[in-house]
Amino acid sequence: MNVVQKLFGFHGGVKPNYNKEASTRLPIAAAPAPTRLVIPLHQSIGGPPRPLVKAGDRVLKGQRIGDADGDVSSAVHASTSGTVIGVEMRLMPHTSGLSAMCVVIEPDGRDEWVERKPFDFRAATPTATRDYLRDAGVVGLGGAVFPSHLKLNAGKQGRLDTLVLNGAECEPFITCDDVLMRERADPLLRGAAIMREMLEASRVLVGIEDNKPEAIAALEAAAKRANDASIQIVAVPTRYPAGGAKQLIRALTGIEVPHGERSTDYGVQCFNVGTAYAIYEAIELGQPLISRIVTVAGNVGQARNYQVLFGTSMRDLVALCSPLPDTDRIIMGGPMMGFRMPSDDVPVVKATNCVLVGSQKLFPPPPPEMPCIRCGECAKVCPADLQPFEMYWFARARIFGKAQEYHLFDCIECGCCAYVCPSRIPLVDYYRFAKSEIWAREVEKEAADEARDRYEFRLLREEREKQEKAAKLAAKTAAGREKAAAALAEAEKPARTPEEEAKHALIAAALERAKAQKDQVHPENTGNLTPEQQAEIAAIEARRAEIREQAKPHLRQDD
Amino acid sequence: MNNSPYFLQPASVQSVMLRVLLALIPGIAVYVWFFGAAILVQIALASVTALLAEAAMLKLRGKPVMMFLADGSALVTAWLIALTFPPIAPWWLTVVGVLAAIVIAKHLYGGLGQNPFNPAMVAFALMIVAYPSLMSQWPAVGFTEFLPQWQAIFGPRQLDAITMATPLDALRTALHTADARATVAGVLGSSASFGNIGGKGWEWVAAGYCVGGIYLLQQRIITWHMPAAFLATLFVISGGFALYDPTRFVGPSFHLFTGGAMLGAFFIVTDPVSGCTTPRGKLIFAAGIGLLTWIIRTFGAYPDGIAFAVLLMNIAAPLIDMNTQPPVFGHKRKAGGRP
Amino acid sequence: MLDALLVMALGAIVLGAALGYAAVRFRVEGDPLVEKIDAILPQTQCGQCGFPGCKPYAQAIAKGEAEINQCPPGGEEGIHKLADLLGREFKPLSAEHGVEKPKAVALIDEQTCIGCTLCIQACPVDAIVGAAKQMHTVIADQCTGCELCLPPCPVNCITMEPIPESVENWKWKYPVVKIVPASKVAA
Ligand code: SF4
Ligand code: SF4
Ligand code: SF4
Ligand code: SF4
């Protein structure tokens, strides 16, 4: 353990007031089960899970109530036993103040578990293990809630250099990872060992900001007990946002993972320490993810960390900490990157690492925005090495293409730039605005492209149908003519009987009719298209072929 | 209600500007010591004009007057104009200069943060083109008596006793006249020791600005890139040519400590709004100003070239910025990402 | 003086040659203008512009036969983009062609539908599925909201449902720039 780990820096960063002491004085406490649980179905990145229960069903603690929708999704479970009283739209813990599908459970107080049995991942194939973790609802608990089973994939080489565990926890006020590391170091490292085995990583680096000496000591002791030489506990300098996954990977290994690329392709993968613990619980105890540690801090009498069942209302949780009377808002997450909640009546979800209670005094409204003076402060602190003021300029003017050219999507929304800006510009708000506009446009554009394709295809199909119809008609008339000719020949041989005469007339009339019909149809018959039309159809076909060609690699990836 | 971040560092445009003003004070103090209190009159005149003009423009543009007036940017422009103009310039010259800076160079381009040109330098350039002789009347060292200076500013003007050509001016006039025998040494005298190089007093003023500049660096209001690149370029190029022909080209210590070089290095070149913002861009931008300054000083028709050099580089700044974007996180190396 | 003129002239010649070469070398084949216009049009294929679809309208614009303000689904933003592309002046949406509406999708009341297939024939993007005498339904993902299926339905069982805002498609709003009255700041 005494191997000195060489540390790399990352550019920028700020040192806000950390305010972490208040919530670490007391150990983790279990928050009491509330009288009602509202469990949103969609709690992770990826497709929204399909509900498996309906009103009136009795559910057990840990019973799956939402099934992962495809592989990029994650299951959700009942956090305690009770009765489902509805599957309905409820207010989400999301700034928008919109609702989404939730399973509402009335606990019966018995807290009865489903059958739990450990999962022998060594005996299972990697795919089976990943499916198991997906169905256990394990997602990243650092706040990004990315399904963990997708990340437990060693990538191209099939094995990894380094598994990074993120215990940096750089956001002010939040201490849930800190107390987890202090109190549950051994199981946490067991989880890390499972992940290391799955990823075939040669070493595990646990990065912890050096303002958490107790956590570092606890993990070092646990690593000694585990007698695992591949695990190293590394103290990283305290500087926000040292806990950004990319920043931590860079600090520990010197590797910079570019935006939009998989870190496994660079031989590293990064998990939050909370996720390691959740994986331990899922694999060794057979318990799905139904609760997490949540820091309650800010404008409260007694800040503390609680083990909270998902679906517990934030109001109930905050009430445990005696919020001060001037409380005017609830923030999910920390003061730098957290989101204001539309109400305190929203449930704690997998992404809730902290419930921050705010007031005007604690978080005063920013002074009025001034124009950017291009002082460059924001660029100095940007951990993604961006030029925030340039992106701001273009986002403000709604020139999104330019903003993207300045790498808008490399921005991790850490808020450092807005933190230092002397002009008090809400820079991150502009980036969020620009990003969601660009996403919406992308969706619109895809839809428009598809509509264009379908429309052109329909035109083509109509054209083809017309041609086919015309061909059929032509064939019919040709057959009619043959018949007529035969009849004529017959008629010519013997003298025509009046009977035959009548028949002949009939045939002639039919012929006439057919001819007239054909004449009528002919203008519509587009069997002989003009060269321009044909060229156009060919061009459309070529474009479709091209699109199909482009789509191929994606399709292959999918299967 | 606002969104995250909910924490903000206690910094404001106002505090930045106030610290810039504070940093100017050592230079001004030395200025007064050597050249009398006239400069204080000019600063006061420029400040009042600037604040009035700023308030009027804000009102016209429908902006909250007090909020923007309090940001201090107009004062910084005003002080820089006063410090670059001759202290005994007539009052209306300063007033017109400040008006040009605030009204034309700043507000007609969109106000704080939007001006593509350094307002103080626009004022200087306009005035020196329009009134070259008035802009070249500098007080002689030692004549710190207040009354004649006051009269020079507000009339009636009796200048002969108190003016003198600045060393830069003297040098240029001498070297540019047909008199081919004029040499640097002949004009400046051979005693080029400190206290006498940039013309008595001026180098001490420059040293005062330098102290202020170090304060700005320490406060992280400016970065080292611009002053270093500007001074280094000026040093290297003037040094090179002085080595090549010391009779025709004056050496670096003269260039660095005369005219607006130090004021420029720390207070003018570093103007963030109209300059470059990327680290490499800052180096190129300031080096460009250094080079142009030397060229204009040596070959041009005007005594000091900083204003024109700054304005020329202001034009190039967006282009330089665009081509010197620092690599973004993860994009530093094409493959691998290892630094 | 003469040298300066010569240098200038030389420069002009060199630059002109370079530009000319570039024009020849990088000329784009085909008629990209129609494609570019078509790429801006929303592809709703609703015909409100007075043309049977977006492409014909694009062709008409390219030929100068149509104004750029006839597409209601594209809205003001679309007109701005067209104006930028074509270097024409922005015009507000022409009222006779319709008004901009929030995007909606068609919904068939499946209890009432008599399975006449008329709506299928009207849908420009084949977003309705069904068969004769069977209940029909709209594939909401493919529906462009053109409303062309509404008039042919003999039992009026198709309605347009605006797409609701959800957590997934919610957008961050443009940050409001607060301008505080001078009196308050001074206080
Ligand atoms: S910190 Fe603010 S004022 Fe300074 S450059 Fe960045 S956005 Fe502009
Ligand atoms: S919010 Fe984005 S632009 Fe601002 S400092 Fe963080 S990464 Fe850089
Ligand atoms: S009005 Fe309808 S058909 Fe015409 S361009 Fe717009 S979306 Fe296309
Ligand atoms: S037109 Fe109306 S009734 Fe006919 S199939 Fe369509 S929805 Fe049903």
# chains A, B, ... in the order shown; residues from 1 in each chain; ligands from 1
>>> residues_near_ligand(ligand="ligand 4", cutoff="9 Å", atoms="only C-alpha atoms and all ligand atoms", output="ChimeraX atom specification")
/C:107-110,112-122,128-138,149-158
>>> select_by_dssp(residues="range 210-309 of chain A", states="helix (DSSP H, G or I)", output="MDAnalysis selection string")
chainID A and resid 213:226 245:253 263:266 273:284
>>> write_last_selection(atoms="N, CA, C and O atoms", output="compact mmCIF listing (two decimals), in the first residue's frame")
# COMPACT_ATOMS: atom_id res chain seq x y z
N PRO A 213 -9.69 12.38 5.67
CA PRO A 213 -8.68 11.46 6.21
C PRO A 213 -9.28 10.22 6.83
O PRO A 213 -8.72 9.14 6.72
N GLU A 214 -10.46 10.34 7.46
CA GLU A 214 -11.06 9.17 8.11
C GLU A 214 -11.42 8.12 7.08
O GLU A 214 -11.19 6.93 7.28
N ALA A 215 -11.99 8.58 5.96
CA ALA A 215 -12.37 7.63 4.92
C ALA A 215 -11.14 6.96 4.35
O ALA A 215 -11.12 5.74 4.12
N ILE A 216 -10.08 7.73 4.17
CA ILE A 216 -8.85 7.16 3.61
C ILE A 216 -8.31 6.11 4.57
O ILE A 216 -7.97 4.98 4.17
N ALA A 217 -8.29 6.45 5.86
CA ALA A 217 -7.76 5.52 6.85
C ALA A 217 -8.60 4.25 6.88
O ALA A 217 -8.07 3.12 6.90
N ALA A 218 -9.93 4.42 6.86
CA ALA A 218 -10.82 3.25 6.94
C ALA A 218 -10.59 2.33 5.75
O ALA A 218 -10.50 1.10 5.90
N LEU A 219 -10.48 2.91 4.57
CA LEU A 219 -10.31 2.08 3.39
C LEU A 219 -8.93 1.43 3.38
O LEU A 219 -8.78 0.29 2.95
N GLU A 220 -7.94 2.15 3.86
CA GLU A 220 -6.60 1.56 3.88
C GLU A 220 -6.57 0.36 4.82
O GLU A 220 -6.00 -0.69 4.50
N ALA A 221 -7.22 0.52 5.96
CA ALA A 221 -7.28 -0.60 6.91
C ALA A 221 -8.01 -1.77 6.27
O ALA A 221 -7.58 -2.93 6.38
N ALA A 222 -9.11 -1.48 5.59
CA ALA A 222 -9.90 -2.55 4.98
C ALA A 222 -9.10 -3.24 3.89
O ALA A 222 -9.16 -4.47 3.75
N ALA A 223 -8.34 -2.46 3.14
CA ALA A 223 -7.53 -3.05 2.08
C ALA A 223 -6.48 -3.97 2.68
O ALA A 223 -6.17 -5.04 2.14
N LYS A 224 -5.95 -3.58 3.84
CA LYS A 224 -4.96 -4.42 4.51
C LYS A 224 -5.62 -5.73 4.94
O LYS A 224 -5.07 -6.81 4.76
N ARG A 225 -6.84 -5.59 5.50
CA ARG A 225 -7.56 -6.79 5.94
C ARG A 225 -7.86 -7.70 4.75
O ARG A 225 -7.76 -8.90 4.83
N ALA A 226 -8.26 -7.07 3.65
CA ALA A 226 -8.61 -7.86 2.48
C ALA A 226 -7.36 -8.49 1.86
O ALA A 226 -7.45 -9.44 1.09
N ALA A 245 -15.82 12.18 -13.15
CA ALA A 245 -15.19 10.91 -13.52
C ALA A 245 -13.95 11.15 -14.37
O ALA A 245 -12.89 10.59 -14.13
N LYS A 246 -14.09 12.02 -15.36
CA LYS A 246 -12.96 12.23 -16.26
C LYS A 246 -11.81 12.91 -15.54
O LYS A 246 -10.65 12.62 -15.79
N GLN A 247 -12.14 13.85 -14.67
CA GLN A 247 -11.09 14.55 -13.94
C GLN A 247 -10.36 13.59 -13.02
O GLN A 247 -9.15 13.63 -12.89
N LEU A 248 -11.11 12.69 -12.37
CA LEU A 248 -10.47 11.75 -11.45
C LEU A 248 -9.61 10.76 -12.22
O LEU A 248 -8.49 10.45 -11.80
N ILE A 249 -10.11 10.26 -13.34
CA ILE A 249 -9.31 9.34 -14.15
C ILE A 249 -8.02 10.03 -14.57
O ILE A 249 -6.94 9.47 -14.48
N ARG A 250 -8.15 11.26 -14.94
CA ARG A 250 -6.96 12.01 -15.35
C ARG A 250 -6.00 12.19 -14.16
O ARG A 250 -4.80 12.02 -14.29
N ALA A 251 -6.55 12.53 -13.00
CA ALA A 251 -5.70 12.76 -11.84
C ALA A 251 -4.97 11.49 -11.43
O ALA A 251 -3.82 11.52 -11.02
N LEU A 252 -5.65 10.34 -11.55
CA LEU A 252 -5.06 9.10 -11.06
C LEU A 252 -4.16 8.43 -12.09
O LEU A 252 -3.18 7.80 -11.74
N THR A 253 -4.55 8.51 -13.36
CA THR A 253 -3.80 7.74 -14.36
C THR A 253 -3.16 8.61 -15.43
O THR A 253 -2.37 8.12 -16.22
N SER A 263 -14.33 4.94 -21.83
CA SER A 263 -13.06 4.95 -21.12
C SER A 263 -12.42 3.57 -21.18
O SER A 263 -11.20 3.45 -21.09
N THR A 264 -13.23 2.52 -21.37
CA THR A 264 -12.62 1.18 -21.43
C THR A 264 -11.67 1.07 -22.62
O THR A 264 -10.72 0.31 -22.58
N ASP A 265 -11.95 1.84 -23.67
CA ASP A 265 -11.04 1.79 -24.81
C ASP A 265 -9.67 2.36 -24.45
O ASP A 265 -8.70 2.19 -25.18
N TYR A 266 -9.60 3.06 -23.33
CA TYR A 266 -8.32 3.58 -22.86
C TYR A 266 -7.81 2.77 -21.67
O TYR A 266 -6.90 3.17 -20.97
N VAL A 273 -17.98 4.87 -5.45
CA VAL A 273 -17.84 3.90 -4.36
C VAL A 273 -19.20 3.34 -3.94
O VAL A 273 -19.31 2.18 -3.56
N GLY A 274 -20.23 4.18 -4.01
CA GLY A 274 -21.56 3.71 -3.66
C GLY A 274 -22.01 2.59 -4.57
O GLY A 274 -22.68 1.64 -4.14
N THR A 275 -21.62 2.68 -5.83
CA THR A 275 -21.98 1.63 -6.79
C THR A 275 -21.28 0.33 -6.43
O THR A 275 -21.86 -0.76 -6.52
N ALA A 276 -20.03 0.44 -5.98
CA ALA A 276 -19.30 -0.77 -5.58
C ALA A 276 -20.03 -1.45 -4.45
O ALA A 276 -20.18 -2.68 -4.42
N TYR A 277 -20.53 -0.65 -3.51
CA TYR A 277 -21.25 -1.23 -2.39
C TYR A 277 -22.55 -1.89 -2.87
O TYR A 277 -22.92 -2.98 -2.44
N ALA A 278 -23.24 -1.21 -3.80
CA ALA A 278 -24.49 -1.76 -4.32
C ALA A 278 -24.24 -3.08 -5.05
O ALA A 278 -25.05 -4.02 -4.97
N ILE A 279 -23.11 -3.18 -5.72
CA ILE A 279 -22.80 -4.43 -6.43
C ILE A 279 -22.50 -5.54 -5.43
O ILE A 279 -22.95 -6.67 -5.59
N TYR A 280 -21.83 -5.17 -4.35
CA TYR A 280 -21.61 -6.16 -3.29
C TYR A 280 -22.94 -6.69 -2.79
O TYR A 280 -23.15 -7.89 -2.66
N GLU A 281 -23.87 -5.76 -2.51
CA GLU A 281 -25.17 -6.18 -1.98
C GLU A 281 -25.91 -7.07 -2.97
O GLU A 281 -26.55 -8.05 -2.59
N ALA A 282 -25.85 -6.70 -4.23
CA ALA A 282 -26.59 -7.45 -5.23
C ALA A 282 -25.99 -8.84 -5.43
O ALA A 282 -26.72 -9.84 -5.48
N ILE A 283 -24.69 -8.92 -5.50
CA ILE A 283 -24.06 -10.21 -5.81
C ILE A 283 -23.96 -11.08 -4.56
O ILE A 283 -24.38 -12.23 -4.56
N GLU A 284 -23.43 -10.54 -3.48
CA GLU A 284 -23.16 -11.40 -2.33
C GLU A 284 -24.36 -11.58 -1.42
O GLU A 284 -24.46 -12.58 -0.72
>>> interface_residues(of="chain B", to="chain C", cutoff="7 Å", atoms="only C-alpha atoms", output="ChimeraX atom specification")
/B:64-67
>>> write_last_selection(atoms="all heavy atoms", output="compact mmCIF listing (two decimals), in the first residue's frame")
# COMPACT_ATOMS: atom_id res chain seq x y z
N PRO B 64 -29.91 50.06 -17.24
CA PRO B 64 -29.93 50.55 -15.86
C PRO B 64 -28.65 51.34 -15.57
O PRO B 64 -27.56 50.78 -15.55
CB PRO B 64 -30.01 49.29 -15.02
CG PRO B 64 -29.66 48.17 -15.93
CD PRO B 64 -29.94 48.61 -17.32
N VAL B 65 -28.82 52.64 -15.37
CA VAL B 65 -27.66 53.53 -15.31
C VAL B 65 -26.75 53.25 -14.12
O VAL B 65 -25.55 53.02 -14.28
CB VAL B 65 -28.13 55.01 -15.28
CG1 VAL B 65 -26.94 55.93 -15.10
CG2 VAL B 65 -28.89 55.33 -16.55
N MET B 66 -27.35 53.19 -12.94
CA MET B 66 -26.52 53.07 -11.74
C MET B 66 -25.72 51.77 -11.75
O MET B 66 -24.55 51.74 -11.42
CB MET B 66 -27.38 53.13 -10.48
CG MET B 66 -27.81 54.52 -10.08
SD MET B 66 -26.55 55.76 -10.27
CE MET B 66 -25.45 55.30 -8.94
N MET B 67 -26.37 50.70 -12.17
CA MET B 67 -25.72 49.41 -12.14
C MET B 67 -24.47 49.40 -13.01
O MET B 67 -23.41 48.93 -12.59
CB MET B 67 -26.71 48.36 -12.62
CG MET B 67 -26.18 46.98 -12.71
SD MET B 67 -27.51 45.91 -13.28
CE MET B 67 -26.63 44.96 -14.47
>>> closest_residue(among="B:Leu234, B:Tyr209, B:Lys63, B:Val273", to="ligand 1", atoms="only C-alpha atoms and all ligand atoms")
B:Val273
>>> select_by_dssp(residues="range 99-148 of chain A", states="strand (DSSP E)", output="list in words")
Ser99, Ala100, Met101, Cys102, Val103, Val104, Ile105, Glu106 and Pro107 of chain A
>>> write_last_selection(atoms="all heavy atoms", output="CSV table (one decimal), in the first residue's frame")
chain,number,residue,atom,x,y,z
A,99,SER,N,-44.5,15.3,-14.4
A,99,SER,CA,-44.8,14.1,-13.8
A,99,SER,C,-44.4,12.9,-14.7
A,99,SER,O,-44.3,13.1,-15.9
A,99,SER,CB,-46.3,14.0,-13.5
A,99,SER,OG,-46.7,15.1,-12.7
A,100,ALA,N,-44.3,11.8,-14.1
A,100,ALA,CA,-44.0,10.6,-14.9
A,100,ALA,C,-44.6,9.4,-14.1
A,100,ALA,O,-45.1,9.5,-13.0
A,100,ALA,CB,-42.5,10.4,-15.1
A,101,MET,N,-44.6,8.2,-14.8
A,101,MET,CA,-45.2,7.0,-14.2
A,101,MET,C,-44.5,6.6,-12.9
A,101,MET,O,-43.3,6.5,-12.9
A,101,MET,CB,-45.1,5.9,-15.2
A,101,MET,CG,-46.3,5.8,-16.1
A,101,MET,SD,-47.8,5.5,-15.1
A,101,MET,CE,-49.0,5.9,-16.4
A,102,CYS,N,-45.3,6.4,-11.9
A,102,CYS,CA,-44.7,5.9,-10.6
A,102,CYS,C,-45.6,4.8,-10.1
A,102,CYS,O,-46.8,4.8,-10.3
A,102,CYS,CB,-44.7,7.1,-9.6
A,102,CYS,SG,-43.7,8.4,-10.0
A,103,VAL,N,-44.9,3.9,-9.3
A,103,VAL,CA,-45.7,2.9,-8.6
A,103,VAL,C,-45.8,3.4,-7.2
A,103,VAL,O,-44.9,3.7,-6.5
A,103,VAL,CB,-45.0,1.6,-8.6
A,103,VAL,CG1,-45.7,0.5,-7.8
A,103,VAL,CG2,-44.8,1.1,-10.0
A,104,VAL,N,-47.1,3.5,-6.7
A,104,VAL,CA,-47.3,4.0,-5.4
A,104,VAL,C,-47.7,2.8,-4.5
A,104,VAL,O,-48.5,2.0,-4.8
A,104,VAL,CB,-48.5,5.0,-5.4
A,104,VAL,CG1,-48.7,5.6,-4.0
A,104,VAL,CG2,-48.3,6.1,-6.4
A,105,ILE,N,-46.9,2.7,-3.4
A,105,ILE,CA,-47.0,1.6,-2.5
A,105,ILE,C,-47.4,2.0,-1.1
A,105,ILE,O,-46.8,3.0,-0.6
A,105,ILE,CB,-45.7,0.8,-2.5
A,105,ILE,CG1,-45.4,0.2,-3.9
A,105,ILE,CG2,-45.8,-0.3,-1.5
A,105,ILE,CD1,-44.1,-0.5,-4.0
A,106,GLU,N,-48.3,1.3,-0.6
A,106,GLU,CA,-48.7,1.6,0.9
A,106,GLU,C,-48.0,0.5,1.7
A,106,GLU,O,-48.4,-0.7,1.6
A,106,GLU,CB,-50.2,1.5,1.0
A,106,GLU,CG,-50.6,2.0,2.4
A,106,GLU,CD,-52.1,2.3,2.5
A,106,GLU,OE1,-52.8,1.5,1.9
A,106,GLU,OE2,-52.5,3.3,3.0
A,107,PRO,N,-46.9,0.8,2.4
A,107,PRO,CA,-46.2,-0.2,3.1
A,107,PRO,C,-47.1,-0.9,4.2
A,107,PRO,O,-48.0,-0.2,4.8
A,107,PRO,CB,-45.1,0.5,3.8
A,107,PRO,CG,-45.0,1.8,3.1
A,107,PRO,CD,-46.3,2.2,2.6
>>> residues_near_ligand(ligand="ligand 3", cutoff="8 Å", atoms="only C-alpha atoms and all ligand atoms", output="list in words")
Asp38, Leu41, Pro42, Gln43, Thr44, Gln45, Cys46, Gly47, Gln48, Cys49, Gly50, Phe51, Pro52, Gly53, Cys54, Lys55, Tyr57, Ala58, Gln70, Cys71, Pro72, Pro73, Gly74, His97 and Cys146 of chain C
>>> residues_around(residues="Val32 in chain B", least_positions_apart="5", cutoff="12 Å", atoms="only C-alpha atoms", output="compact mmCIF listing (two decimals) with N, CA, C and O atoms, in the first residue's frame")
# COMPACT_ATOMS: atom_id res chain seq x y z
N ILE B 25 -2.21 53.63 -8.99
CA ILE B 25 -1.85 54.71 -8.07
C ILE B 25 -0.33 54.89 -7.88
O ILE B 25 0.15 56.02 -7.91
N PRO B 26 0.46 53.83 -7.73
CA PRO B 26 1.91 54.08 -7.59
C PRO B 26 2.47 54.89 -8.75
O PRO B 26 3.22 55.86 -8.53
N GLY B 27 2.08 54.50 -9.95
CA GLY B 27 2.57 55.23 -11.13
C GLY B 27 2.17 56.69 -11.07
O GLY B 27 2.97 57.60 -11.35
N ALA B 37 1.24 68.43 -10.22
CA ALA B 37 -0.10 67.97 -9.94
C ALA B 37 -1.03 68.08 -11.14
O ALA B 37 -2.20 67.72 -11.07
N ALA B 38 -0.52 68.56 -12.26
CA ALA B 38 -1.40 68.75 -13.42
C ALA B 38 -2.11 67.46 -13.79
O ALA B 38 -3.28 67.46 -14.16
N ILE B 39 -1.39 66.35 -13.64
CA ILE B 39 -1.98 65.07 -14.05
C ILE B 39 -3.23 64.77 -13.22
O ILE B 39 -4.19 64.18 -13.71
N LEU B 40 -3.22 65.22 -11.93
CA LEU B 40 -4.39 64.97 -11.10
C LEU B 40 -5.59 65.74 -11.63
O LEU B 40 -6.72 65.24 -11.64
N VAL B 41 -5.31 66.96 -12.09
CA VAL B 41 -6.39 67.75 -12.68
C VAL B 41 -6.96 67.01 -13.89
O VAL B 41 -8.17 66.88 -14.07
N GLN B 42 -6.02 66.49 -14.71
CA GLN B 42 -6.47 65.79 -15.91
C GLN B 42 -7.29 64.55 -15.56
O GLN B 42 -8.30 64.25 -16.20
N ILE B 43 -6.84 63.81 -14.55
CA ILE B 43 -7.56 62.59 -14.16
C ILE B 43 -8.96 62.95 -13.69
O ILE B 43 -9.95 62.31 -14.08
N LEU B 83 -3.65 59.44 -18.45
CA LEU B 83 -2.24 59.09 -18.27
C LEU B 83 -1.49 59.00 -19.59
O LEU B 83 -0.26 59.10 -19.61
N PRO B 87 0.08 65.83 -19.70
CA PRO B 87 -0.62 66.39 -18.54
C PRO B 87 -0.96 67.86 -18.71
O PRO B 87 -1.81 68.39 -18.00
N PRO B 139 5.47 68.27 -20.33
CA PRO B 139 6.15 69.17 -19.38
C PRO B 139 7.60 68.76 -19.21
O PRO B 139 7.94 67.59 -19.27
N VAL B 141 10.93 68.14 -17.07
CA VAL B 141 11.13 67.63 -15.72
C VAL B 141 11.52 68.77 -14.81
O VAL B 141 12.28 69.65 -15.20
N GLY B 142 11.00 68.76 -13.61
CA GLY B 142 11.41 69.76 -12.65
C GLY B 142 10.45 70.93 -12.57
O GLY B 142 10.31 71.53 -11.53
N PHE B 143 9.75 71.19 -13.66
CA PHE B 143 8.79 72.30 -13.59
C PHE B 143 7.49 71.79 -12.99
O PHE B 143 6.53 71.50 -13.70
N THR B 144 7.50 71.64 -11.71
CA THR B 144 6.31 71.08 -11.08
C THR B 144 5.39 72.17 -10.56
O THR B 144 4.39 71.90 -9.94
N GLU B 145 5.77 73.38 -10.82
CA GLU B 145 4.96 74.51 -10.35
C GLU B 145 3.54 74.40 -10.89
O GLU B 145 3.33 74.11 -12.07
N PHE B 146 2.56 74.61 -10.04
CA PHE B 146 1.21 74.28 -10.42
C PHE B 146 0.55 75.31 -11.32
O PHE B 146 -0.16 74.96 -12.27
N GLY B 201 12.93 61.18 -14.95
CA GLY B 201 11.61 61.04 -14.35
C GLY B 201 10.77 59.97 -14.98
O GLY B 201 10.12 59.21 -14.28
N TRP B 202 10.78 59.89 -16.28
CA TRP B 202 9.84 58.97 -16.93
C TRP B 202 10.06 57.53 -16.54
O TRP B 202 9.13 56.76 -16.40
N TRP B 204 11.04 56.46 -13.79
CA TRP B 204 10.50 56.22 -12.45
C TRP B 204 9.00 56.05 -12.49
O TRP B 204 8.44 55.22 -11.78
N VAL B 205 8.38 56.82 -13.36
CA VAL B 205 6.94 56.63 -13.54
C VAL B 205 6.68 55.23 -14.06
O VAL B 205 5.81 54.50 -13.57
N GLY B 208 6.81 52.82 -11.45
CA GLY B 208 5.57 52.85 -10.67
C GLY B 208 4.49 51.99 -11.30
O GLY B 208 3.81 51.21 -10.63
>>> residues_near_ligand(ligand="ligand 1", cutoff="9 Å", atoms="only C-alpha atoms and all ligand atoms", output="MDAnalysis selection string")
(chainID A and resid 370:380 387:390 392:393 417:427) or (chainID B and resid 12:13 113 272:273 277)
>>> residues_near_ligand(ligand="ligand 2", cutoff="8 Å", atoms="only C-alpha atoms and all ligand atoms", output="list in words")
Gly12, Gly13, Cys378, Ala379, Val381, Cys382, Pro383, Ala384, Asp385, Leu386, Gln387, Pro388, Met391, Leu408, Asp410, Cys411, Ile412, Glu413, Cys414, Gly415, Cys416, Cys417, Ala418, Leu427, Val428 and Tyr431 of chain A
>>> residues_around(residues="Tyr109 in chain B", least_positions_apart="4", cutoff="12 Å", atoms="only C-alpha atoms", output="MDAnalysis selection string")
chainID B and resid 57 61 101:105 113:119 273:274
>>> interface_residues(of="chain C", to="chain A", cutoff="6 Å", atoms="only C-alpha atoms", output="number ranges by chain")
C: 42-43, 124-125, 171-174
>>> write_last_selection(atoms="N, CA, C and O atoms", output="tab-separated table (two decimals), in the first residue's frame")
chain	number	residue	atom	x	y	z
C	42	PRO	N	-39.80	21.23	-42.84
C	42	PRO	CA	-39.99	20.27	-41.75
C	42	PRO	C	-40.45	18.88	-42.19
C	42	PRO	O	-40.57	17.99	-41.35
C	43	GLN	N	-40.72	18.68	-43.46
C	43	GLN	CA	-41.11	17.36	-43.97
C	43	GLN	C	-42.41	16.86	-43.37
C	43	GLN	O	-42.62	15.67	-43.22
C	124	PRO	N	-49.39	10.84	-45.97
C	124	PRO	CA	-48.24	10.96	-46.87
C	124	PRO	C	-47.03	10.14	-46.43
C	124	PRO	O	-46.11	9.94	-47.21
C	125	VAL	N	-47.00	9.73	-45.18
C	125	VAL	CA	-45.81	9.02	-44.73
C	125	VAL	C	-46.14	7.61	-44.26
C	125	VAL	O	-45.36	6.99	-43.52
C	171	LYS	N	-37.31	20.92	-22.16
C	171	LYS	CA	-36.12	21.69	-22.53
C	171	LYS	C	-35.84	22.78	-21.50
C	171	LYS	O	-36.76	23.40	-20.99
C	172	TRP	N	-34.56	23.03	-21.27
C	172	TRP	CA	-34.20	24.16	-20.43
C	172	TRP	C	-34.57	25.44	-21.16
C	172	TRP	O	-34.34	25.56	-22.36
C	173	LYS	N	-35.09	26.37	-20.40
C	173	LYS	CA	-35.53	27.61	-21.03
C	173	LYS	C	-34.34	28.57	-21.19
C	173	LYS	O	-33.34	28.44	-20.51
C	174	TYR	N	-34.54	29.51	-22.06
C	174	TYR	CA	-33.52	30.56	-22.25
C	174	TYR	C	-33.40	31.33	-20.94
C	174	TYR	O	-34.41	31.77	-20.38
>>> residues_around(residues="Val308 in chain A", least_positions_apart="2", cutoff="7 Å", atoms="only C-alpha atoms", output="PyMOL selection string")
chain A and resi 30-31+291-294+306+310
>>> atom_distance(atom1="CA of Trp33 in chain B", atom2="CA of Thr77 in chain B")
22.9 Å
